[in-house]
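> For reference, the structure I am asking about is given below.
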Amino acid sequence: MIENHNLHIYNTLSGEKEKFESLNPPMVGMYVCGPTVYSDVHIGNLRTFMSFDLVFRYLKHLGYKVRYVRNITDVGHLESNADTGEDKISKKARLEQLEPMEIVHRYTHDFHQVLESFNNLPPSIEPTATGHLIEQIEITKTLIEKGLAYESEGSVYFDVTKYNQEHNYGELSKRNIEDLMANSRTLDGQDEKRNPQDFALWKKASAEHIMRWPSPWSEGFPGWHLECTVMSTKYLGEQFDIHGGGMDLKFPHHECEIAQAKGAFDQAPVKYWMHANMLTLNGQKMSKSTGNTILPKELFSGDNHFFEKAFHPMVVRFFMLQAHYRSVLDLSNEAMLAAEKGFNRLMLAGKSIENLPISENTSFDLHQWVKLCHEKMDDDFNSPMLIAQLFDMVKYINAILDGSETINQHDHIILKMRWDEFVHQILGLYAVENISGNKALDGAMQLLIEQRDKARANKDWATSDEIRDRLAQYGITLKDGKEGTGYSVE
Ligand code: AMP
Ligand code: ZN
């Protein structure tokens, strides 16, 4: 059953927040552009995928049956947006003297591992571009038949000028085609196109190009934009609810997707277009091409020159969720240190919920708090505002512990359930022991824990209690469990 909700989503197409109404309730179809698997995913890529993980999780929480399709681009993504340059995967294969499919498998595997370490849920379907070549050829034929594409020297291009006579090329990115034409020079290797704005549906492979397939026009490979039109409509229908991706894909990639789908199927493919904003590193966009990147493993190990220590994936997740997905977020040492503190505080409070003292009455309005939490998420997935609400509850939890507020049995059960929903299921956060990631602190703590274990083995309770109490004075809590003793820092 779908929860009665008031979810509003910012739609890039209209430039407004719109009430979310699925096309075919209780189903929701969501397509997100996946990675081009030719190198390790960086933390910037990860932010975009995490933003849509939050969307996926919240829609599921509301009771929708979501079919989430995220593709793997394993062919066709050229180095330049102007349909020139080498295929990114072919190039890497050439440089590393591997088969392109070895490159694809290596980085697809890496991508899955990274996403899992950040507790991202897998999509329902993860189709690949090379698995859908027949469909891409078919749609190209349709566009040629409709007069919206033309063959030139064995390649096929989408005719933007022709399309624009009946449609509006630029409707998503708010660009004006006349301006685009006026500002575009004829580039080298573009003579095959009638207009520099036209884009490739099929490219003839040059002699040295390794990735190639037969087609009616030439041995070649599909254009990058085409795969997403094919795979989204194949699995979600010619019209579906949500299409997402990073801001940088709005133009030309998503603009071209709209043109291809409208051209082929005579209807707008997507109801809500969502774009996640960029992660910057010390103020500059994180990007493979400029080298201003940091890889997840470098952040987890502390083995990099940007950060003074290692950070746990859950801290990185919390850091990202503290910003709204449509805001630019800057990654820096200070911001990560602050996020770690906040994360620890939240998790510590979450752990103490289980053991809260129960009273006759509840002294605060729990119902209102739950309502506010939902309102924040309903407002275009506003995770930072939800986190602010959670910290309001942290204050109540601490106040219940010190006796200045109270909670009754019924509300205690509700609080446990809602905390689990908001923190674990929707935000995808879980508690971590030994979170500091600081080698010196971990080492010193290990030593103290061993000393305490020895004292306990000798029934020297005074020493063992002293170690625990002195650490507590510094905000460090020891936790005895089946696997031994762990600790967390306030
Ligand atoms: P790519 O593998 O380059 O096609 O990128 C995969 C996804 O990561 C796309 O949705 C991009 O928009 C997104 N992306 C790339 N760089 C960043 C960044 N610095 N911050 C957030 N998302 C990014
Ligand atoms: Zn795409």
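Just remember, in the structure tokens the first chain shown is A, the second B, etc., residues are 1-based per chain, and ligands are 1-based in the order shown.
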What's around region 112-122 of chain A at 9 Å? Count only C-alpha atoms, leave out sequence neighbours fewer than 3 positions away in its own chain, and write the answer as a list in words.

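Result of the neighbour search: Val41, Leu46, Phe49, Met50, Asp53, Leu54, Phe56, Arg57, Tyr68, Tyr107, Thr108, His109, Ile125, Glu126, Pro296, Lys297, Pro313, Met314, Val316, Arg317, Gly428, Leu429 and Tyr430 of chain A.
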
> Would you mind exporting the chosen residues as a PDB file, in the first residue's frame, restricted to N, CA, C and O atoms?


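As a result, out_26.pdb now contains:
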ATOM      1  N   VAL A  41      35.717   4.284 -10.309  1.00  0.00           N
ATOM      2  CA  VAL A  41      34.781   5.367  -9.975  1.00  0.00           C
ATOM      3  C   VAL A  41      35.406   6.234  -8.897  1.00  0.00           C
ATOM      4  O   VAL A  41      36.045   5.732  -7.975  1.00  0.00           O
ATOM      5  N   LEU A  46      30.371   8.706  -7.258  1.00  0.00           N
ATOM      6  CA  LEU A  46      29.657   8.046  -6.182  1.00  0.00           C
ATOM      7  C   LEU A  46      28.536   8.931  -5.630  1.00  0.00           C
ATOM      8  O   LEU A  46      27.452   8.464  -5.312  1.00  0.00           O
ATOM      9  N   PHE A  49      25.434   8.589  -7.685  1.00  0.00           N
ATOM     10  CA  PHE A  49      24.733   7.314  -7.506  1.00  0.00           C
ATOM     11  C   PHE A  49      24.093   7.229  -6.121  1.00  0.00           C
ATOM     12  O   PHE A  49      23.028   6.641  -5.955  1.00  0.00           O
ATOM     13  N   MET A  50      24.740   7.845  -5.135  1.00  0.00           N
ATOM     14  CA  MET A  50      24.171   7.834  -3.796  1.00  0.00           C
ATOM     15  C   MET A  50      22.913   8.707  -3.732  1.00  0.00           C
ATOM     16  O   MET A  50      21.955   8.380  -3.031  1.00  0.00           O
ATOM     17  N   ASP A  53      20.282   6.607  -4.913  1.00  0.00           N
ATOM     18  CA  ASP A  53      20.015   5.544  -3.945  1.00  0.00           C
ATOM     19  C   ASP A  53      19.028   6.063  -2.897  1.00  0.00           C
ATOM     20  O   ASP A  53      18.109   5.354  -2.480  1.00  0.00           O
ATOM     21  N   LEU A  54      19.195   7.314  -2.512  1.00  0.00           N
ATOM     22  CA  LEU A  54      18.282   7.925  -1.539  1.00  0.00           C
ATOM     23  C   LEU A  54      16.867   8.008  -2.124  1.00  0.00           C
ATOM     24  O   LEU A  54      15.882   7.699  -1.449  1.00  0.00           O
ATOM     25  N   PHE A  56      15.591   6.137  -4.515  1.00  0.00           N
ATOM     26  CA  PHE A  56      15.107   4.750  -4.607  1.00  0.00           C
ATOM     27  C   PHE A  56      14.587   4.274  -3.242  1.00  0.00           C
ATOM     28  O   PHE A  56      13.487   3.745  -3.120  1.00  0.00           O
ATOM     29  N   ARG A  57      15.397   4.512  -2.213  1.00  0.00           N
ATOM     30  CA  ARG A  57      15.037   4.068  -0.873  1.00  0.00           C
ATOM     31  C   ARG A  57      13.754   4.750  -0.390  1.00  0.00           C
ATOM     32  O   ARG A  57      12.889   4.112   0.214  1.00  0.00           O
ATOM     33  N   TYR A  68      14.074  -0.014 -10.847  1.00  0.00           N
ATOM     34  CA  TYR A  68      15.193   0.930 -10.954  1.00  0.00           C
ATOM     35  C   TYR A  68      16.190   0.352 -11.970  1.00  0.00           C
ATOM     36  O   TYR A  68      16.786  -0.689 -11.732  1.00  0.00           O
ATOM     37  N   TYR A 107      36.313  -2.983 -14.365  1.00  0.00           N
ATOM     38  CA  TYR A 107      35.779  -1.766 -13.742  1.00  0.00           C
ATOM     39  C   TYR A 107      34.305  -1.891 -13.339  1.00  0.00           C
ATOM     40  O   TYR A 107      33.859  -1.180 -12.446  1.00  0.00           O
ATOM     41  N   THR A 108      33.591  -2.811 -13.978  1.00  0.00           N
ATOM     42  CA  THR A 108      32.209  -3.042 -13.525  1.00  0.00           C
ATOM     43  C   THR A 108      32.261  -3.684 -12.136  1.00  0.00           C
ATOM     44  O   THR A 108      31.509  -3.319 -11.225  1.00  0.00           O
ATOM     45  N   HIS A 109      33.175  -4.622 -11.984  1.00  0.00           N
ATOM     46  CA  HIS A 109      33.337  -5.307 -10.701  1.00  0.00           C
ATOM     47  C   HIS A 109      33.725  -4.297  -9.610  1.00  0.00           C
ATOM     48  O   HIS A 109      33.142  -4.276  -8.521  1.00  0.00           O
ATOM     49  N   ILE A 125      17.524  -3.692 -12.519  1.00  0.00           N
ATOM     50  CA  ILE A 125      18.072  -4.187 -13.789  1.00  0.00           C
ATOM     51  C   ILE A 125      19.304  -3.342 -14.102  1.00  0.00           C
ATOM     52  O   ILE A 125      19.285  -2.123 -13.920  1.00  0.00           O
ATOM     53  N   GLU A 126      20.370  -3.995 -14.552  1.00  0.00           N
ATOM     54  CA  GLU A 126      21.586  -3.255 -14.903  1.00  0.00           C
ATOM     55  C   GLU A 126      22.021  -3.651 -16.320  1.00  0.00           C
ATOM     56  O   GLU A 126      22.932  -4.460 -16.501  1.00  0.00           O
ATOM     57  N   PRO A 296      37.560   6.115  -3.697  1.00  0.00           N
ATOM     58  CA  PRO A 296      37.055   5.642  -2.403  1.00  0.00           C
ATOM     59  C   PRO A 296      38.127   4.938  -1.584  1.00  0.00           C
ATOM     60  O   PRO A 296      38.285   5.204  -0.399  1.00  0.00           O
ATOM     61  N   LYS A 297      38.918   4.066  -2.233  1.00  0.00           N
ATOM     62  CA  LYS A 297      39.902   3.298  -1.445  1.00  0.00           C
ATOM     63  C   LYS A 297      40.960   4.220  -0.833  1.00  0.00           C
ATOM     64  O   LYS A 297      41.494   3.936   0.234  1.00  0.00           O
ATOM     65  N   PRO A 313      33.481   4.385   5.121  1.00  0.00           N
ATOM     66  CA  PRO A 313      32.452   4.671   4.101  1.00  0.00           C
ATOM     67  C   PRO A 313      31.154   5.245   4.688  1.00  0.00           C
ATOM     68  O   PRO A 313      30.507   6.080   4.059  1.00  0.00           O
ATOM     69  N   MET A 314      30.793   4.817   5.891  1.00  0.00           N
ATOM     70  CA  MET A 314      29.553   5.345   6.476  1.00  0.00           C
ATOM     71  C   MET A 314      29.666   6.833   6.807  1.00  0.00           C
ATOM     72  O   MET A 314      28.694   7.576   6.749  1.00  0.00           O
ATOM     73  N   VAL A 316      31.515   8.888   5.051  1.00  0.00           N
ATOM     74  CA  VAL A 316      31.430   9.551   3.743  1.00  0.00           C
ATOM     75  C   VAL A 316      29.962   9.647   3.315  1.00  0.00           C
ATOM     76  O   VAL A 316      29.501  10.674   2.823  1.00  0.00           O
ATOM     77  N   ARG A 317      29.228   8.581   3.551  1.00  0.00           N
ATOM     78  CA  ARG A 317      27.798   8.588   3.201  1.00  0.00           C
ATOM     79  C   ARG A 317      27.064   9.673   3.998  1.00  0.00           C
ATOM     80  O   ARG A 317      26.295  10.455   3.437  1.00  0.00           O
ATOM     81  N   GLY A 428      20.161   4.901   4.820  1.00  0.00           N
ATOM     82  CA  GLY A 428      21.113   3.819   4.537  1.00  0.00           C
ATOM     83  C   GLY A 428      22.355   3.874   5.420  1.00  0.00           C
ATOM     84  O   GLY A 428      23.429   3.438   5.002  1.00  0.00           O
ATOM     85  N   LEU A 429      22.211   4.399   6.634  1.00  0.00           N
ATOM     86  CA  LEU A 429      23.364   4.485   7.546  1.00  0.00           C
ATOM     87  C   LEU A 429      23.308   3.348   8.552  1.00  0.00           C
ATOM     88  O   LEU A 429      22.222   2.940   8.974  1.00  0.00           O
ATOM     89  N   TYR A 430      24.455   2.829   8.917  1.00  0.00           N
ATOM     90  CA  TYR A 430      24.495   1.858  10.011  1.00  0.00           C
ATOM     91  C   TYR A 430      25.659   2.187  10.933  1.00  0.00           C
ATOM     92  O   TYR A 430      26.617   2.841  10.527  1.00  0.00           O
TER      93      TYR A 430
END

> Hey, what's within 12 Å of Ile400 (chain A) if we count only C-alpha atoms and toss same-chain stuff fewer than 3 positions away? As a PyMOL selection string, please?

chain A and resi 349+352-353+355-359+361-364+393-397+403-408+412

> Which residues sit within 10 Å of ligand 1, counting only C-alpha atoms and all ligand atoms, listed as a JSON list (two decimals) with C-alpha atoms, in the first residue's frame?


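Listed below is the output, selection21.json:
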[["chain", "number", "residue", "atom", "x", "y", "z"],
["A", 32, "VAL", "CA", 19.65, 6.52, -13.98],
["A", 33, "CYS", "CA", 22.63, 6.88, -16.32],
["A", 34, "GLY", "CA", 25.30, 4.51, -15.07],
["A", 35, "PRO", "CA", 29.08, 4.64, -15.30],
["A", 36, "THR", "CA", 31.32, 4.35, -18.32],
["A", 37, "VAL", "CA", 33.43, 1.46, -17.13],
["A", 38, "TYR", "CA", 36.93, 2.39, -18.25],
["A", 39, "SER", "CA", 38.45, 3.52, -14.94],
["A", 40, "ASP", "CA", 37.85, 3.47, -11.17],
["A", 41, "VAL", "CA", 34.78, 5.37, -9.97],
["A", 42, "HIS", "CA", 35.75, 8.42, -7.98],
["A", 43, "ILE", "CA", 33.95, 9.90, -5.00],
["A", 44, "GLY", "CA", 32.26, 12.44, -7.32],
["A", 45, "ASN", "CA", 30.60, 9.70, -9.40],
["A", 46, "LEU", "CA", 29.66, 8.05, -6.18],
["A", 47, "ARG", "CA", 27.79, 11.13, -4.97],
["A", 48, "THR", "CA", 25.46, 11.01, -7.96],
["A", 49, "PHE", "CA", 24.73, 7.31, -7.51],
["A", 50, "MET", "CA", 24.17, 7.83, -3.80],
["A", 51, "SER", "CA", 21.73, 10.66, -4.49],
["A", 52, "PHE", "CA", 19.60, 8.28, -6.52],
["A", 72, "ILE", "CA", 26.55, 0.13, -17.76],
["A", 73, "THR", "CA", 28.13, 2.05, -20.65],
["A", 77, "HIS", "CA", 31.34, 6.92, -25.11],
["A", 111, "PHE", "CA", 32.02, -0.22, -9.38],
["A", 244, "GLY", "CA", 18.20, 10.81, -13.33],
["A", 245, "GLY", "CA", 21.86, 11.56, -13.75],
["A", 246, "GLY", "CA", 24.53, 14.08, -12.83],
["A", 247, "MET", "CA", 24.01, 17.76, -13.74],
["A", 248, "ASP", "CA", 26.77, 17.49, -16.33],
["A", 249, "LEU", "CA", 24.67, 15.02, -18.34],
["A", 250, "LYS", "CA", 21.81, 17.48, -18.92],
["A", 275, "HIS", "CA", 19.74, 16.08, -11.82],
["A", 276, "ALA", "CA", 22.18, 15.62, -8.97],
["A", 277, "ASN", "CA", 24.73, 18.31, -8.34],
["A", 278, "MET", "CA", 28.48, 17.96, -8.41],
["A", 279, "LEU", "CA", 31.01, 17.10, -5.74],
["A", 280, "THR", "CA", 33.99, 19.40, -5.69],
["A", 281, "LEU", "CA", 37.34, 18.70, -4.09],
["A", 284, "GLN", "CA", 37.13, 22.39, -7.94],
["A", 285, "LYS", "CA", 34.88, 19.92, -9.74],
["A", 286, "MET", "CA", 36.05, 16.39, -9.21],
["A", 287, "SER", "CA", 36.72, 15.02, -12.64],
["A", 288, "LYS", "CA", 38.60, 12.19, -14.24],
["A", 289, "SER", "CA", 39.80, 14.37, -17.07],
["A", 292, "ASN", "CA", 41.26, 16.37, -9.48],
["A", 293, "THR", "CA", 39.89, 13.15, -8.05],
["A", 325, "TYR", "CA", 21.36, 16.48, -3.74],
["A", 328, "VAL", "CA", 27.17, 21.63, -4.86],
["A", 329, "LEU", "CA", 29.09, 19.86, -2.11],
["A", 330, "ASP", "CA", 32.74, 20.48, -1.34]]

> Would you mind writing down, as an MDAnalysis selection string, each residue of region 218-408 of chain A that DSSP on the backbone assigns to strand (DSSP E or B)?

chainID A and resid 220:222 240:246 270:276 279:281 284:285 287 292 329:331 359 379 408

> Can those selected residues be exported to a file as a PDB file, in the first residue's frame so that it contains N, CA and C atoms?


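Output contents, as saved in again35.pdb:
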ATOM      1  N   GLY A 220      30.640  -0.790 -37.351  1.00  0.00           N
ATOM      2  CA  GLY A 220      30.873   0.367 -36.483  1.00  0.00           C
ATOM      3  C   GLY A 220      30.325   0.136 -35.086  1.00  0.00           C
ATOM      4  N   PHE A 221      29.883   1.212 -34.469  1.00  0.00           N
ATOM      5  CA  PHE A 221      29.416   1.137 -33.076  1.00  0.00           C
ATOM      6  C   PHE A 221      28.380   2.239 -32.846  1.00  0.00           C
ATOM      7  N   PRO A 222      27.519   2.044 -31.829  1.00  0.00           N
ATOM      8  CA  PRO A 222      26.435   3.014 -31.626  1.00  0.00           C
ATOM      9  C   PRO A 222      26.914   4.303 -30.959  1.00  0.00           C
ATOM     10  N   PHE A 240       7.990   6.823 -18.900  1.00  0.00           N
ATOM     11  CA  PHE A 240       8.242   6.337 -17.544  1.00  0.00           C
ATOM     12  C   PHE A 240       8.394   7.522 -16.590  1.00  0.00           C
ATOM     13  N   ASP A 241       8.491   7.210 -15.282  1.00  0.00           N
ATOM     14  CA  ASP A 241       8.340   8.268 -14.282  1.00  0.00           C
ATOM     15  C   ASP A 241       9.563   9.165 -14.119  1.00  0.00           C
ATOM     16  N   ILE A 242      10.720   8.549 -13.785  1.00  0.00           N
ATOM     17  CA  ILE A 242      11.878   9.358 -13.367  1.00  0.00           C
ATOM     18  C   ILE A 242      13.103   9.006 -14.188  1.00  0.00           C
ATOM     19  N   HIS A 243      13.804  10.037 -14.646  1.00  0.00           N
ATOM     20  CA  HIS A 243      15.110   9.818 -15.276  1.00  0.00           C
ATOM     21  C   HIS A 243      16.114  10.681 -14.523  1.00  0.00           C
ATOM     22  N   GLY A 244      17.212  10.061 -14.097  1.00  0.00           N
ATOM     23  CA  GLY A 244      18.199  10.813 -13.331  1.00  0.00           C
ATOM     24  C   GLY A 244      19.597  10.695 -13.895  1.00  0.00           C
ATOM     25  N   GLY A 245      20.443  11.575 -13.390  1.00  0.00           N
ATOM     26  CA  GLY A 245      21.859  11.562 -13.753  1.00  0.00           C
ATOM     27  C   GLY A 245      22.523  12.780 -13.132  1.00  0.00           C
ATOM     28  N   GLY A 246      23.816  12.895 -13.319  1.00  0.00           N
ATOM     29  CA  GLY A 246      24.527  14.075 -12.826  1.00  0.00           C
ATOM     30  C   GLY A 246      24.161  15.293 -13.668  1.00  0.00           C
ATOM     31  N   VAL A 270       9.859  11.029 -20.467  1.00  0.00           N
ATOM     32  CA  VAL A 270      10.068  11.074 -19.016  1.00  0.00           C
ATOM     33  C   VAL A 270       9.161  12.103 -18.357  1.00  0.00           C
ATOM     34  N   LYS A 271       8.557  11.719 -17.210  1.00  0.00           N
ATOM     35  CA  LYS A 271       7.701  12.678 -16.494  1.00  0.00           C
ATOM     36  C   LYS A 271       8.530  13.609 -15.598  1.00  0.00           C
ATOM     37  N   TYR A 272       9.466  13.052 -14.840  1.00  0.00           N
ATOM     38  CA  TYR A 272      10.278  13.892 -13.933  1.00  0.00           C
ATOM     39  C   TYR A 272      11.761  13.693 -14.278  1.00  0.00           C
ATOM     40  N   TRP A 273      12.414  14.755 -14.694  1.00  0.00           N
ATOM     41  CA  TRP A 273      13.867  14.709 -14.929  1.00  0.00           C
ATOM     42  C   TRP A 273      14.565  15.212 -13.678  1.00  0.00           C
ATOM     43  N   MET A 274      15.467  14.393 -13.132  1.00  0.00           N
ATOM     44  CA  MET A 274      16.157  14.799 -11.895  1.00  0.00           C
ATOM     45  C   MET A 274      17.664  14.867 -12.139  1.00  0.00           C
ATOM     46  N   HIS A 275      18.287  15.932 -11.642  1.00  0.00           N
ATOM     47  CA  HIS A 275      19.742  16.076 -11.815  1.00  0.00           C
ATOM     48  C   HIS A 275      20.435  16.334 -10.487  1.00  0.00           C
ATOM     49  N   ALA A 276      21.434  15.511 -10.225  1.00  0.00           N
ATOM     50  CA  ALA A 276      22.179  15.618  -8.968  1.00  0.00           C
ATOM     51  C   ALA A 276      23.380  16.536  -9.191  1.00  0.00           C
ATOM     52  N   LEU A 279      30.101  17.092  -6.888  1.00  0.00           N
ATOM     53  CA  LEU A 279      31.005  17.104  -5.744  1.00  0.00           C
ATOM     54  C   LEU A 279      32.278  17.806  -6.187  1.00  0.00           C
ATOM     55  N   THR A 280      32.719  18.741  -5.384  1.00  0.00           N
ATOM     56  CA  THR A 280      33.988  19.404  -5.693  1.00  0.00           C
ATOM     57  C   THR A 280      35.015  18.956  -4.648  1.00  0.00           C
ATOM     58  N   LEU A 281      36.269  19.049  -5.023  1.00  0.00           N
ATOM     59  CA  LEU A 281      37.345  18.702  -4.090  1.00  0.00           C
ATOM     60  C   LEU A 281      38.165  19.967  -3.888  1.00  0.00           C
ATOM     61  N   GLN A 284      37.131  22.638  -6.486  1.00  0.00           N
ATOM     62  CA  GLN A 284      37.133  22.394  -7.938  1.00  0.00           C
ATOM     63  C   GLN A 284      36.390  21.112  -8.262  1.00  0.00           C
ATOM     64  N   LYS A 285      35.650  21.107  -9.382  1.00  0.00           N
ATOM     65  CA  LYS A 285      34.880  19.920  -9.742  1.00  0.00           C
ATOM     66  C   LYS A 285      35.770  18.675  -9.783  1.00  0.00           C
ATOM     67  N   SER A 287      36.885  15.499 -11.263  1.00  0.00           N
ATOM     68  CA  SER A 287      36.720  15.020 -12.638  1.00  0.00           C
ATOM     69  C   SER A 287      37.905  14.168 -13.061  1.00  0.00           C
ATOM     70  N   ASN A 292      41.620  15.900 -10.829  1.00  0.00           N
ATOM     71  CA  ASN A 292      41.260  16.374  -9.485  1.00  0.00           C
ATOM     72  C   ASN A 292      40.269  15.378  -8.866  1.00  0.00           C
ATOM     73  N   LEU A 329      28.528  20.266  -3.398  1.00  0.00           N
ATOM     74  CA  LEU A 329      29.091  19.862  -2.105  1.00  0.00           C
ATOM     75  C   LEU A 329      30.608  19.812  -2.232  1.00  0.00           C
ATOM     76  N   ASP A 330      31.275  20.458  -1.284  1.00  0.00           N
ATOM     77  CA  ASP A 330      32.742  20.482  -1.343  1.00  0.00           C
ATOM     78  C   ASP A 330      33.339  19.521  -0.312  1.00  0.00           C
ATOM     79  N   LEU A 331      34.227  18.679  -0.801  1.00  0.00           N
ATOM     80  CA  LEU A 331      34.894  17.706   0.057  1.00  0.00           C
ATOM     81  C   LEU A 331      36.215  18.312   0.530  1.00  0.00           C
ATOM     82  N   SER A 359       8.914   5.610  31.230  1.00  0.00           N
ATOM     83  CA  SER A 359       8.090   6.303  32.232  1.00  0.00           C
ATOM     84  C   SER A 359       6.612   6.090  31.928  1.00  0.00           C
ATOM     85  N   ASP A 379       9.881  16.983   0.775  1.00  0.00           N
ATOM     86  CA  ASP A 379      10.285  18.220   0.107  1.00  0.00           C
ATOM     87  C   ASP A 379      11.532  17.939  -0.754  1.00  0.00           C
ATOM     88  N   ASN A 408       7.126   7.066  27.264  1.00  0.00           N
ATOM     89  CA  ASN A 408       6.388   5.886  27.751  1.00  0.00           C
ATOM     90  C   ASN A 408       6.626   4.682  26.827  1.00  0.00           C
TER      91      ASN A 408
END

> Could you check which of A:Cys228, A:Leu346, A:Ala399, A:Ile139 is closest to ligand 2, using only C-alpha atoms and all ligand atoms?

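For ligand 2, the nearest of the candidates is A:Cys228.
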
> What's the 8 Å shell around Phe319 (chain A), counting only C-alpha atoms, without same-chain residues fewer than 2 positions away, as a ChimeraX atom specification?

/A:315-317,321-323,335-336,339-340

> With all heavy atoms retained, export the selected residues as a short mmCIF file (atom, residue, chain, number, x, y, z; two decimals), in the first residue's frame.


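result.cif written:
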data_model
loop_
_atom_site.label_atom_id
_atom_site.label_comp_id
_atom_site.auth_asym_id
_atom_site.auth_seq_id
_atom_site.Cartn_x
_atom_site.Cartn_y
_atom_site.Cartn_z
N VAL A 315 30.88 7.26 7.16
CA VAL A 315 31.10 8.69 7.44
C VAL A 315 30.99 9.47 6.13
O VAL A 315 30.41 10.56 6.08
CB VAL A 315 32.47 8.92 8.11
CG1 VAL A 315 32.75 10.40 8.26
CG2 VAL A 315 32.50 8.22 9.46
N VAL A 316 31.51 8.89 5.05
CA VAL A 316 31.43 9.55 3.74
C VAL A 316 29.96 9.65 3.31
O VAL A 316 29.50 10.67 2.82
CB VAL A 316 32.25 8.78 2.67
CG1 VAL A 316 32.21 9.51 1.35
CG2 VAL A 316 33.69 8.58 3.13
N ARG A 317 29.23 8.58 3.55
CA ARG A 317 27.80 8.59 3.20
C ARG A 317 27.06 9.67 4.00
O ARG A 317 26.30 10.46 3.44
CB ARG A 317 27.19 7.21 3.48
CG ARG A 317 25.77 7.10 2.99
CD ARG A 317 25.19 5.70 3.12
NE ARG A 317 23.83 5.77 2.63
CZ ARG A 317 23.40 5.32 1.45
NH1 ARG A 317 24.20 4.70 0.66
NH2 ARG A 317 22.15 5.48 1.07
N LEU A 321 25.02 12.96 2.63
CA LEU A 321 23.59 13.16 2.89
C LEU A 321 23.32 14.44 3.67
O LEU A 321 22.19 14.90 3.74
CB LEU A 321 23.04 11.96 3.66
CG LEU A 321 23.02 10.65 2.87
CD1 LEU A 321 22.68 9.48 3.79
CD2 LEU A 321 22.03 10.71 1.71
N GLN A 322 24.37 15.01 4.23
CA GLN A 322 24.20 16.28 4.95
C GLN A 322 24.01 17.45 3.99
O GLN A 322 23.78 18.58 4.42
CB GLN A 322 25.43 16.56 5.80
CG GLN A 322 25.33 15.98 7.19
CD GLN A 322 26.52 16.43 8.01
OE1 GLN A 322 27.66 16.35 7.57
NE2 GLN A 322 26.25 16.92 9.20
N ALA A 323 24.19 17.20 2.69
CA ALA A 323 23.93 18.25 1.70
C ALA A 323 22.74 17.81 0.86
O ALA A 323 22.53 16.61 0.64
CB ALA A 323 25.14 18.43 0.80
N ALA A 335 35.70 19.42 6.53
CA ALA A 335 34.30 18.98 6.40
C ALA A 335 34.16 17.51 6.79
O ALA A 335 33.19 17.11 7.43
CB ALA A 335 33.81 19.21 4.98
N MET A 336 35.15 16.70 6.43
CA MET A 336 35.07 15.28 6.76
C MET A 336 35.24 15.06 8.27
O MET A 336 34.58 14.19 8.85
CB MET A 336 36.15 14.50 6.00
CG MET A 336 35.82 14.25 4.55
SD MET A 336 34.24 13.43 4.30
CE MET A 336 34.56 11.88 5.11
N ALA A 339 32.01 15.89 9.79
CA ALA A 339 31.00 14.86 9.49
C ALA A 339 31.22 13.64 10.40
O ALA A 339 30.26 13.05 10.89
CB ALA A 339 31.09 14.44 8.03
N GLU A 340 32.46 13.30 10.64
CA GLU A 340 32.73 12.13 11.48
C GLU A 340 32.20 12.34 12.90
O GLU A 340 31.59 11.45 13.48
CB GLU A 340 34.23 11.84 11.52
CG GLU A 340 34.53 10.53 12.18
CD GLU A 340 36.02 10.20 12.14
OE1 GLU A 340 36.79 10.79 12.91
OE2 GLU A 340 36.39 9.37 11.31
#

> Closest to Asp442 (chain A) among A:Ala310, A:Ile89, A:Met1, A:Val66, using only C-alpha atoms?

A:Ala310

> Could you please write out, as a PyMOL selection string, every residue of region 41-263 of chain A that DSSP assigns to alpha helix (DSSP H)?

chain A and resi 43-61+88-96+100-117+133-145+160-166+177-183+224-236+255-263
